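Let me begin by presenting the structure, written as structure tokens, before commenting on it.
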Amino acid sequence: MANTLGIIKPDGMRRKLAGRIIDKVERAGLIIRGTKVLWLDRERAEKFYAVHQGKPFYKSLVEFMTSGPIMVLVLGGHGAIERWRELMGHTDPAKAKYNTIRREFGTSIEKNVVHGSDSETTAKVEVAFFFREDEILPKE
Ligand code: CMP
């Protein structure tokens with residue numbers, strides 16, 4: 001019953017896709033245990049994406065992620081990490097399956113609308129990056 005982190009990226013917020021994405025989250029049976037809207041500054045975005053430091057897309061990724069507000073979500077329920085990843089689809093929207101968020105709304109590998117943690121270890125770190133314990137609903 002591990003929680004995972006979801007992010008609606010600046011392209012999703014700018015294009016007013018938050019409601020449609022949350023609708024998909026709820027229809028998929030994932031539970032929203034926490035959420036907030038915020039605007040990352042460069043230092044925080046660099047820290048969040050530190051694992052990608054040195055990669056060719058890193059600088060552009062940080063610029064994009066600081067280009068506007070984002071919505072961060074703590075998503076729970078059985079198999080939440082894997083289920084949220086399935087709902088998002090492949091990182092590259094062109095390779096994502098039909099009926100996934102990235103396939104439907106993504107416009108490039110960078111502007112792929114949403115982020116999700118890729119493992120239990122990452123999920124713990126990423127949720128804690130944005131949320132204090134008392135900002136997350138307890139598991140039932
Ligand atoms: P995300 O799941 O947030 O994790 C890292 C992000 O880097 C990824 O989604 C993409 O939006 C972005 N990115 C940009 N270019 C690439 C690339 N060539 N390969 C992988 N990720 C990329």
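Scheme for the structure tokens: letters A, B, ... for chains in order shown; per-chain residue numbers from 1; ligand numbers from 1 in order shown.
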Close residues, Gly89 in chain A itself excluded, 7 Å, only C-alpha atoms, min 2 positions apart in chain, as a PyMOL selection string: chain A and resi 85-87+91+96-97+100-103
Pick out the residues no farther than 8 Å from ligand 1, counting only C-alpha atoms and all ligand atoms, and list them as a short mmCIF file (atom, residue, chain, number, x, y, z; two decimals) with N, CA and C atoms, in the first residue's frame.
data_model
loop_
_atom_site.label_atom_id
_atom_site.label_comp_id
_atom_site.auth_asym_id
_atom_site.auth_seq_id
_atom_site.Cartn_x
_atom_site.Cartn_y
_atom_site.Cartn_z
N TYR A 49 15.49 16.88 -9.61
CA TYR A 49 15.95 16.12 -10.77
C TYR A 49 17.46 15.83 -10.73
N HIS A 52 19.30 13.25 -12.80
CA HIS A 52 19.49 13.48 -14.24
C HIS A 52 20.59 14.50 -14.55
N PRO A 56 21.97 15.23 -21.28
CA PRO A 56 21.80 16.33 -22.25
C PRO A 56 20.50 17.13 -22.05
N PHE A 57 19.45 16.49 -21.50
CA PHE A 57 18.17 17.18 -21.38
C PHE A 57 17.98 17.89 -20.03
N TYR A 58 18.99 17.78 -19.15
CA TYR A 58 18.83 18.26 -17.77
C TYR A 58 18.52 19.76 -17.68
N SER A 60 17.39 21.91 -19.89
CA SER A 60 16.09 22.24 -20.49
C SER A 60 14.95 21.75 -19.58
N LEU A 61 15.13 20.57 -18.99
CA LEU A 61 14.12 20.01 -18.08
C LEU A 61 13.90 20.94 -16.89
N THR A 91 7.36 7.45 -21.04
CA THR A 91 7.92 8.82 -20.92
C THR A 91 7.75 9.60 -22.22
N ASP A 92 7.99 8.93 -23.34
CA ASP A 92 7.83 9.57 -24.64
C ASP A 92 6.38 9.38 -25.12
N SER A 108 5.65 16.15 -26.24
CA SER A 108 7.06 15.77 -26.50
C SER A 108 7.57 15.01 -25.29
N ILE A 109 8.77 14.44 -25.43
CA ILE A 109 9.34 13.69 -24.29
C ILE A 109 9.54 14.62 -23.09
N GLU A 110 9.80 15.90 -23.34
CA GLU A 110 9.94 16.86 -22.23
C GLU A 110 8.56 17.30 -21.74
N LYS A 111 7.75 17.75 -22.65
CA LYS A 111 6.40 18.24 -22.28
C LYS A 111 5.44 17.04 -22.27
N ASN A 112 5.67 16.19 -21.27
CA ASN A 112 4.88 14.96 -21.20
C ASN A 112 3.86 14.99 -20.06
N VAL A 113 3.53 16.20 -19.60
CA VAL A 113 2.35 16.50 -18.77
C VAL A 113 2.40 16.03 -17.32
N VAL A 114 2.93 14.83 -17.10
CA VAL A 114 2.89 14.28 -15.74
C VAL A 114 4.20 13.58 -15.38
N HIS A 115 4.42 13.48 -14.08
CA HIS A 115 5.56 12.74 -13.55
C HIS A 115 5.04 11.73 -12.53
N GLY A 116 5.75 10.63 -12.39
CA GLY A 116 5.44 9.66 -11.34
C GLY A 116 6.70 8.99 -10.84
N SER A 117 6.70 8.64 -9.58
CA SER A 117 7.86 7.95 -9.00
C SER A 117 8.03 6.59 -9.66
#
When you look at Met13 in chain A with a cut-off of 10 Å (counting only C-alpha atoms), what residues show up, excluding the ones that are within fewer than 5 positions of it in the same chain? I need them as number ranges by chain. A: 8, 18-19, 37, 68-71, 113-114
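Within the 9 Å cut-off around Glu120 in chain A, using only C-alpha atoms and omitting residues fewer than 2 positions from it on the same chain, the listed residues are Ala2, Asn3, Thr4, Ile81, Ser117, Asp118, Thr122, Ala123, Lys124 and Val125 of chain A.
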Using CA of Phe64 in chain A and CA of Gly79 in chain A as the two end points, give the distance in Å to one decimal. 29.5 Å
The residue from A:Ala50, A:Ile21, A:Leu30, A:Ile136 with the smallest atom-to-atom distance to Lys9 in chain A, counting only C-alpha atoms, is A:Ile21
All residues 8 Å or closer to range 130-133 of chain A, only C-alpha atoms, same chain fewer than 3 positions away omitted, as a PyMOL selection string: chain A and resi 34+72+126-127+136
Using DSSP on the backbone, list every residue of chain A that comes out as strand (DSSP E or B), and give them as a PyMOL selection string. chain A and resi 4-8+31-38+70-76+114-116
N, CA and C atoms of the current selection, written as a PDB file, in the first residue's frame:
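Saved result, selection_29.pdb, follows:
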ATOM      1  N   THR A   4       2.655   7.062  -3.763  1.00  0.00           N
ATOM      2  CA  THR A   4       3.569   7.515  -4.809  1.00  0.00           C
ATOM      3  C   THR A   4       3.371   9.001  -5.048  1.00  0.00           C
ATOM      4  N   LEU A   5       4.345   9.622  -5.717  1.00  0.00           N
ATOM      5  CA  LEU A   5       4.211  11.042  -6.030  1.00  0.00           C
ATOM      6  C   LEU A   5       3.783  11.221  -7.485  1.00  0.00           C
ATOM      7  N   GLY A   6       2.778  12.058  -7.669  1.00  0.00           N
ATOM      8  CA  GLY A   6       2.380  12.481  -9.014  1.00  0.00           C
ATOM      9  C   GLY A   6       2.620  13.971  -9.158  1.00  0.00           C
ATOM     10  N   ILE A   7       3.030  14.386 -10.347  1.00  0.00           N
ATOM     11  CA  ILE A   7       3.136  15.823 -10.629  1.00  0.00           C
ATOM     12  C   ILE A   7       2.394  16.108 -11.933  1.00  0.00           C
ATOM     13  N   ILE A   8       1.553  17.137 -11.892  1.00  0.00           N
ATOM     14  CA  ILE A   8       1.035  17.694 -13.141  1.00  0.00           C
ATOM     15  C   ILE A   8       1.981  18.836 -13.483  1.00  0.00           C
ATOM     16  N   ILE A  31      -6.163   6.779  -4.818  1.00  0.00           N
ATOM     17  CA  ILE A  31      -6.682   7.653  -3.760  1.00  0.00           C
ATOM     18  C   ILE A  31      -5.778   8.874  -3.632  1.00  0.00           C
ATOM     19  N   ILE A  32      -6.385  10.065  -3.645  1.00  0.00           N
ATOM     20  CA  ILE A  32      -5.612  11.298  -3.462  1.00  0.00           C
ATOM     21  C   ILE A  32      -5.447  11.532  -1.958  1.00  0.00           C
ATOM     22  N   ARG A  33      -4.212  11.369  -1.484  1.00  0.00           N
ATOM     23  CA  ARG A  33      -3.956  11.519  -0.046  1.00  0.00           C
ATOM     24  C   ARG A  33      -3.364  12.869   0.313  1.00  0.00           C
ATOM     25  N   GLY A  34      -2.962  13.608  -0.709  1.00  0.00           N
ATOM     26  CA  GLY A  34      -2.415  14.946  -0.463  1.00  0.00           C
ATOM     27  C   GLY A  34      -2.266  15.656  -1.782  1.00  0.00           C
ATOM     28  N   THR A  35      -2.377  16.981  -1.750  1.00  0.00           N
ATOM     29  CA  THR A  35      -2.132  17.742  -2.985  1.00  0.00           C
ATOM     30  C   THR A  35      -1.810  19.192  -2.664  1.00  0.00           C
ATOM     31  N   LYS A  36      -1.051  19.830  -3.516  1.00  0.00           N
ATOM     32  CA  LYS A  36      -0.804  21.266  -3.439  1.00  0.00           C
ATOM     33  C   LYS A  36      -0.338  21.782  -4.788  1.00  0.00           C
ATOM     34  N   VAL A  37      -0.538  23.079  -4.963  1.00  0.00           N
ATOM     35  CA  VAL A  37      -0.066  23.743  -6.173  1.00  0.00           C
ATOM     36  C   VAL A  37       1.103  24.621  -5.772  1.00  0.00           C
ATOM     37  N   LEU A  38       2.177  24.568  -6.528  1.00  0.00           N
ATOM     38  CA  LEU A  38       3.350  25.379  -6.189  1.00  0.00           C
ATOM     39  C   LEU A  38       4.154  25.685  -7.440  1.00  0.00           C
ATOM     40  N   ILE A  70       3.030  23.995 -10.825  1.00  0.00           N
ATOM     41  CA  ILE A  70       2.796  22.550 -10.962  1.00  0.00           C
ATOM     42  C   ILE A  70       1.815  22.123  -9.870  1.00  0.00           C
ATOM     43  N   MET A  71       1.190  20.979 -10.051  1.00  0.00           N
ATOM     44  CA  MET A  71       0.384  20.394  -8.972  1.00  0.00           C
ATOM     45  C   MET A  71       1.050  19.095  -8.560  1.00  0.00           C
ATOM     46  N   VAL A  72       1.322  18.975  -7.261  1.00  0.00           N
ATOM     47  CA  VAL A  72       1.909  17.729  -6.765  1.00  0.00           C
ATOM     48  C   VAL A  72       0.839  16.957  -6.001  1.00  0.00           C
ATOM     49  N   LEU A  73       0.854  15.648  -6.161  1.00  0.00           N
ATOM     50  CA  LEU A  73      -0.169  14.797  -5.530  1.00  0.00           C
ATOM     51  C   LEU A  73       0.471  13.584  -4.872  1.00  0.00           C
ATOM     52  N   VAL A  74      -0.031  13.250  -3.706  1.00  0.00           N
ATOM     53  CA  VAL A  74       0.315  11.965  -3.099  1.00  0.00           C
ATOM     54  C   VAL A  74      -0.805  11.005  -3.462  1.00  0.00           C
ATOM     55  N   LEU A  75      -0.453   9.949  -4.180  1.00  0.00           N
ATOM     56  CA  LEU A  75      -1.458   8.983  -4.637  1.00  0.00           C
ATOM     57  C   LEU A  75      -1.254   7.649  -3.937  1.00  0.00           C
ATOM     58  N   GLY A  76      -2.358   7.104  -3.451  1.00  0.00           N
ATOM     59  CA  GLY A  76      -2.275   5.847  -2.707  1.00  0.00           C
ATOM     60  C   GLY A  76      -3.229   4.800  -3.260  1.00  0.00           C
ATOM     61  N   VAL A 114       2.925  14.831 -17.097  1.00  0.00           N
ATOM     62  CA  VAL A 114       2.893  14.280 -15.742  1.00  0.00           C
ATOM     63  C   VAL A 114       4.205  13.581 -15.378  1.00  0.00           C
ATOM     64  N   HIS A 115       4.419  13.483 -14.084  1.00  0.00           N
ATOM     65  CA  HIS A 115       5.559  12.738 -13.550  1.00  0.00           C
ATOM     66  C   HIS A 115       5.041  11.728 -12.534  1.00  0.00           C
ATOM     67  N   GLY A 116       5.754  10.634 -12.385  1.00  0.00           N
ATOM     68  CA  GLY A 116       5.437   9.665 -11.341  1.00  0.00           C
ATOM     69  C   GLY A 116       6.698   8.990 -10.844  1.00  0.00           C
TER      70      GLY A 116
END
What does the distance from CA of Glu63 in chain A to CA of Glu46 in chain A come to in Å, to one decimal? 9.4 Å
Report the distance between CA of Tyr98 in chain A and CA of Glu26 in chain A in Å, rounded to one decimal place. 18.3 Å
If you run DSSP on the backbone here, which positions in chain A get helix (DSSP H, G or I)? Please write them as a PyMOL selection string. chain A and resi 10-14+18-27+42-48+50-52+58-65+80-88+93-95+101-105+120-130+133-135
Given the choices A:Ser67, A:Arg44, A:Leu137, A:Arg83, which gets closest to Gly12 in chain A if the distance is worked out from only C-alpha atoms?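 Using only C-alpha atoms, Gly12 in chain A sits closest to A:Ser67.
Each of A:Gly29, A:Gly106, A:Pro93, A:Pro10 was checked against Val62 in chain A using only C-alpha atoms; the smallest atom-to-atom distance is that of A:Pro10.
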Here is a test: counting only C-alpha atoms, which residue of A:Met88, A:Lys47, A:Gly54, A:Arg42 is nearest to Val25 in chain A?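 Result for the nearest residue to Val25 in chain A: A:Met88.
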